[in-house]
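These notes concern the structure reproduced below.
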Amino acid sequence: MKPSSRLVLLGAGLLATLSAGSARAATQDAAAQELADQAIFTDYLQLDFASGEKKLKKAIALCETGTCSPTVTAQVYRDLAVIYITGMKRSQPGHDLLVKALRLDSSLALDADLTTPELVRVFNAAKAEVAREAADRKAAGAALASSPAPSPTEPEAKKALQPKTAPASGEHSAAKASAAAGSLAEPSASASVDCPPDFPGCEPVNDEPAKSEPAEPAADLGVRNWLSAALQQDFLMFSTGSGVCGPDRPAELSCFRAGDTYRPGTAENTAGSGGSVAGGFRIATTRLLIGYDRILFPNIGVGFRVGYAVGGGPAEPDGAAFVPIHAELRGTYWFGGIQPGKLRPYATLGGGLAQVDSSVTTQVVDRCPSTSLDPPCTEGQIALSRVTVWKKTGTTFASLGAGALFPLSEHSGINVELKGVLLFPSSGMSVALQAGYNHGF
């Protein structure tokens with residue numbers, strides 16, 4: 001084969017290789033760009049930040065292991081930073097991604113339709129950091145170029161030209177002593193600041209002040225503010241007892257006839273035991289609550305609940321009316337991070353203002369005290385009647401409970417909570433079952 005033919009074949013093979021590489025890079029760019037467009041223009045705009053993050057991480061893996069162009073790789077880093085900073089409130093990871101992006105493409109800019117004040121602030125900080133890095137590299141290169149290589153002194157040159165002879169033993173000892181004395185009088189070569197490249201016995205000394213270790217980045221707290229709305233059902237504990245509507249009835253119990261007519265538990269109007277109650281939990285008040293929680297530290301938050309309760313009992317004559325207001329301060333400890341589709345358990349401790357009422361019915365034996373009752377009866381007449389026994393507890397409480405949040409996204413979820421409640425000064429114990437919706441911002 002002629003030499004010219006070999007050159008033609010070699011050139012054709014090289015051209016084909018370069019064309020294949022360019023086509024592969026274009027394919028990688030297109031695939032990464034498509035994932036980024038889906039993440040921003042579909043998932044991000046629908047507030048589905050987790051899906052957007054997943055697609056952009058896939059695009060980054062494609063570029064880091066493939067042959068994406070620096071421009072496309074920088075754009076993918078930027079888009080994931082947008083989701084972290086504006087969507088997930090994770091500024092530090094977003095800052096790191098923007099630094100990577102600007103190192104690849106210093107002309108990179110933000111999309112004007114997606115900017116927020118926080119995103120602009122973090123972008124400017126990342127841009128300033130990359131500019132400092134470039135200035136430091138430029139200054140280091142200029143300093144290295146302007147540093148002249150030192151020439152050997154005249155005695156050293158003469159010494160290099162003289163033939164080497166083995167010194168006598170006395171001369172050798174004197175030389176060692178002289179060298180030891182000289183080491184105290186003037187600095188050695190290893191203490192010099194500027195050294196020519198590969199010069200034996202010379203070690204450069206760094207005269208720059210030691211840089212302090214960078215502080216660890218603050219823990220990423222994610223979404224820090226949460227609003228909630230919940231429905232809570234109370235269950236109040238009754239103790240087993242008899243004579244609940246008689247002269248010796250407990251102070252927290254009140255008895256009422258039909259129509260919420262108060263029945264006093266006196267010996268004059270009671271014949272027999274005065275009714276009895278079986279122990280156990282009974283359905284009690286129901287309350288609608290709204291709340292706010294603030295994440296202060298990783299996994300720890302504080303907040304409050306306010307609401308209104310229904311289902312309270314009637315008041316005795318000259319007695320206090322039911323207090324429907326609910327006001328609560330609480331702290332919460334979360335186990336693990338929030339991940340859409342995965343239960344996140346928590347424990348809670350709280351206290352505040354609330355009243356819990358519940359009722360049961362019992363049968364009593366009435367003795368008619370006079371003819372003034374409605375319906376009228378004959379004085380001293382004995383008759384069976386059914387009355388409602390109300391138990392009133394509160395109006396302050398302390399609670400301890402646990403629950404779980406089922407996240408629908410990074411910013412929302414449904415929770416279920418169960419807690420035990422101690423009430424005082426009118427003592428009692430209740431259990432509260434709660435279900436609600438939470439939205440973070």
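Quick note on naming: the chains in the structure tokens go A, B, ... in the order shown, residues restart at 1 in each chain, and ligands are numbered from 1 in order of appearance.
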Env of stretch 268-283 of chain A: 6 Å cut, atoms = only C-alpha atoms, seq-sep filter 6 positions within chain, self excluded. Answer as a list in words.
Phe235, Leu236, Met237, Phe238, Ser239, Thr240, Gly241, Ser242, Gly243, Val244, Cys245, Gly246, Thr362, Gln363, Val364, Val365, Asp366, Arg367, Cys368 and Pro369 of chain A
Distance of atom CA of A:Gly413 from atom CA of A:Val431, expressed in Å to one decimal place
23.3 Å
Figure out the distance between atom CA of A:Thr261 and atom CA of A:Trp390, please, to one decimal in Å.
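Separating atom CA of A:Trp390 from atom CA of A:Thr261 is a distance of 12.3 Å.
Distance-wise, atom CA of A:Val387 and atom CA of A:Asp260 end up 9.4 Å apart.
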